[in-house]
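Here is the structure we will look at.
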Amino acid sequence: MSPILFWIFAALMLGFGAATILHRNPVASALSLVVSFLGLAALFFSLDAYFIGVIQILVYAGAVMVLFLFIIMLLDLKAEQSRQISLPVLLGGAAVVGLFVTQIGLVVRNYPAGNQAFPALAAKFDDASNIGMTLFSHYNLPFQVVGVLILVASIGVVVLSQRELK
Amino acid sequence: MVTLNDYLLVSGLLFALGFAGVLLRRNIIIIFMALELMLNAANLSLVAFSRFNGTGGLPNYNGQMLVFFIITVAAAEVAVGLAIIVALYRARQTTNVDDLNALKF
């Protein structure tokens with residue numbers, strides 16, 4: 001992918017990610033998050049991870065965000081009237097985040113191996129088929145465990161959603 | 001030329017955004033969305049490393065498998081977390097974490 005496209009999609013992702021945490025209205029936050037996830041999916045495509053990019057759009061931008069919007073509208077949340085941020089929280093948060101960003105920048109700058117070009121890929125390779133083969137051979141047990149996890153989660157959601165917990 | 005370091009930097013910035021959201025926002029649903037941002041930042045660096053460590057003309061699929069499982073577990077986590085938020089809202093009629101201080105010492 002050309003560097004221009006990379007930086008456009010990275011800016012899209014970061015800009016709408018910032019909008020997610022800055023908006024007062026939860027619905028606007030959720031919709032910004034959708035656009036941020038679409039930018040992230042484009043970055044996945046730029047890394048030749050086509051299957052993961054499609055899953056990102058289907059599962060995150062589709063299913064998960066519909067769930068978020070549904071809950072926001074079900075609870076009928078209003079936009080916050082004023083910013084309820086105390087000064088110590090703001091300073092502490094800014095300090096921790098600033099330190100983290102500085103550290104990431106230093107680590108990335110002192111990692112010369114990361115400045116090499118990505119290795120060339122084969123002219124034609126079947127991404128979904130390779131992922132399927134890996135998933136059902138090397139990762140068969142984790143795959144089944146995740147299936148049990150989703151079963152437990154869906155039963156748990158039904159139990160939690162009862163009006164009166166027994 | 002876009003290199004691994006560019007992807008790692010963007011991923012770190014996205015994680016910082018999510019982190020700031022968790023620390024600064026008081027609405028529990030926004031905090032939950034910021035958690036998703038942090039999970040996705042980790043996914044981005046995993047996919048970048050999977051592409052970077054590719055051999056034989058293929059990316060390293062172990063990294064992409066981990067991303068696949070993270071997405072699956074995150075979807076389950078969102079379902080359970082939102083159910084807990086709905087139950088919380090029924091009990092307290094608020095989503096502001098400052099008002100949910102029954103466990104505070």
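We label chains A, B, ... in the order they appear in the structure tokens, count residues from 1 in each chain, and number ligands from 1 in the order shown.
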What are the residues of chain A lining chain B at 6 Å or less? Count only C-alpha atoms, and put the answer as an MDAnalysis selection string. chainID A and resid 3 21 93 97 108 114:115 117:118 121:122 150 153 157
Would you save the residues from that selection as a compact mmCIF listing (two decimals), in the first residue's frame, using C-alpha atoms?
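Output contents, as saved in out-v8.txt:
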# COMPACT_ATOMS: atom_id res chain seq x y z
CA PRO A 3 2.40 5.55 2.22
CA ILE A 21 -13.58 9.52 23.75
CA GLY A 93 -4.42 10.77 33.26
CA VAL A 97 -0.76 8.69 28.88
CA VAL A 108 10.15 2.44 18.23
CA GLY A 114 11.65 -2.32 12.40
CA ASN A 115 12.83 0.12 9.72
CA ALA A 117 10.95 -3.27 4.48
CA PHE A 118 8.33 -5.96 5.01
CA LEU A 121 4.91 -12.13 -0.22
CA ALA A 122 4.14 -14.75 -2.82
CA ILE A 150 -19.23 -18.34 23.69
CA ALA A 153 -21.27 -16.18 27.59
CA VAL A 157 -26.24 -13.01 29.19
Can you check which residues of stretch 2-158 of chain A DSSP gives as alpha helix (DSSP H) on the backbone and send them as a PyMOL selection string? chain A and resi 3-22+26-46+50-55+65-75+87-109+127-137+140-158
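Look at A:Ala19: the protein and nucleic acid residues within 12 Å of it, using only C-alpha atoms and passing over chain neighbours fewer than 3 places away, are Ala11, Leu12, Met13, Leu14, Gly15, Phe16, Leu22, His23, Arg24, Asn25, Pro26, Val27, Ala28, Ser29, Ala30, Leu31, Ser32, Leu33, Val34, Val35 and Ser36 of chain A; Leu14, Leu17, Gly18, Gly21, Ile30, Met33, Ala34 and Leu37 of chain B.
Nearest to A:Leu40 of all the residues A:Val54, A:Ala79, A:Ala10, A:Leu135 is A:Ala10, counting only C-alpha atoms.
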For a test of reading the model, state the distance in Å between atom CA of A:Ile72 and atom CA of B:Ile28, rounded to one decimal. 11.0 Å
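Computed from the coordinates, the atom CA of A:Ser161 to atom CA of A:Ile71 distance equals 12.2 Å.
Going from atom CA of A:Asn130 to atom CA of A:Phe6 covers 25.3 Å.
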